[in-house]
Amino acid sequence: MAKKTPYEFIPKLGQLRDDVLFGDVWEQTDLSKRDRSLITVAVLASHYRTDELRGHMQRALDNGVTKDELKGLITHIAFYSGWPTAVNAGRVAVDVFGDED
């Protein structure tokens, strides 16, 4: 039997994610989804939120952020949130980008 996800284990958390976060906040027009993705990746990387970073890095690519921009973001945060957070984000980028440069 597969292990439950946090959203299966705590259904209200999944509902809030779907209805409020992605259904409302991400749909606001004051920022583009591309800009939201850049902000989200920067915050997740700077807080060492590896699991969430992986999904949002892919979402950023889907929202039009380029790989070079993500690489630049990672380099930039190294000086504001610490070297280990940037190296960790770099590892996630390697996983997300695959063999592509």
# chains A, B, ... in the order shown; residues from 1 in each chain; ligands from 1
call {"tool": "residues_around", "arguments": {"residues": "segment 81-90 of chain A", "least_positions_apart": "5", "cutoff": "12 Å", "atoms": "only C-alpha atoms", "output": "PyMOL selection string"}}
result
chain A and resi 41-57+67-68+70-76+95-98
call {"tool": "select_by_dssp", "arguments": {"residues": "chain A", "states": "alpha helix (DSSP H)", "output": "number ranges by chain"}}
result
A: 6-9, 11-16, 33-46, 50-62, 67-81, 83-97
call {"tool": "write_last_selection", "arguments": {"atoms": "C-alpha atoms", "output": "compact mmCIF listing (two decimals), in the first residue's frame"}}
result
# COMPACT_ATOMS: atom_id res chain seq x y z
CA PRO A 6 -0.05 15.01 3.42
CA TYR A 7 -3.06 16.20 1.42
CA GLU A 8 -4.71 12.80 1.65
CA PHE A 9 -3.90 12.53 5.34
CA PRO A 11 -7.87 16.74 3.46
CA LYS A 12 -8.49 20.31 4.67
CA LEU A 13 -4.89 21.16 3.80
CA GLY A 14 -5.48 19.91 0.24
CA GLN A 15 -8.71 21.87 -0.02
CA LEU A 16 -7.01 25.08 1.11
CA LYS A 33 2.13 33.75 -12.88
CA ARG A 34 5.69 34.04 -14.18
CA ASP A 35 6.52 36.65 -11.52
CA ARG A 36 4.74 34.63 -8.83
CA SER A 37 6.87 31.65 -9.82
CA LEU A 38 10.11 33.62 -9.53
CA ILE A 39 9.10 34.91 -6.11
CA THR A 40 7.97 31.50 -4.91
CA VAL A 41 11.14 29.75 -6.06
CA ALA A 42 13.30 32.41 -4.39
CA VAL A 43 11.44 32.11 -1.09
CA LEU A 44 11.38 28.32 -1.10
CA ALA A 45 15.08 28.14 -2.01
CA SER A 46 16.05 30.68 0.65
CA THR A 50 13.53 21.26 -0.96
CA ASP A 51 10.43 19.17 -1.62
CA GLU A 52 8.22 22.16 -2.42
CA LEU A 53 11.02 23.80 -4.42
CA ARG A 54 11.16 20.90 -6.85
CA GLY A 55 7.52 21.26 -7.87
CA HIS A 56 7.62 25.05 -8.01
CA MET A 57 10.79 25.07 -10.07
CA GLN A 58 9.00 22.95 -12.67
CA ARG A 59 5.96 25.22 -12.40
CA ALA A 60 8.25 28.21 -13.00
CA LEU A 61 9.50 26.64 -16.23
CA ASP A 62 5.89 25.99 -17.24
CA LYS A 67 16.52 27.87 -16.98
CA ASP A 68 19.08 30.67 -17.20
CA GLU A 69 16.83 32.90 -15.07
CA LEU A 70 16.50 30.15 -12.45
CA LYS A 71 20.27 29.69 -12.46
CA GLY A 72 20.67 33.46 -11.98
CA LEU A 73 18.12 33.43 -9.16
CA ILE A 74 20.03 30.66 -7.40
CA THR A 75 23.32 32.54 -7.70
CA HIS A 76 21.69 35.74 -6.45
CA ILE A 77 20.14 34.19 -3.34
CA ALA A 78 23.48 32.69 -2.33
CA PHE A 79 24.49 36.12 -1.06
CA TYR A 80 21.21 36.88 0.72
CA SER A 81 20.09 33.57 2.20
CA TRP A 83 25.55 29.45 0.38
CA PRO A 84 23.98 26.15 1.50
CA THR A 85 20.52 27.25 0.37
CA ALA A 86 21.85 28.10 -3.07
CA VAL A 87 23.74 24.82 -3.38
CA ASN A 88 20.61 22.94 -2.33
CA ALA A 89 18.55 24.85 -4.93
CA GLY A 90 21.23 24.00 -7.49
CA ARG A 91 20.81 20.30 -6.70
CA VAL A 92 17.07 20.63 -7.18
CA ALA A 93 17.63 22.43 -10.49
CA VAL A 94 19.87 19.59 -11.69
CA ASP A 95 17.07 17.14 -10.86
CA VAL A 96 14.37 19.27 -12.51
CA PHE A 97 16.37 20.14 -15.62
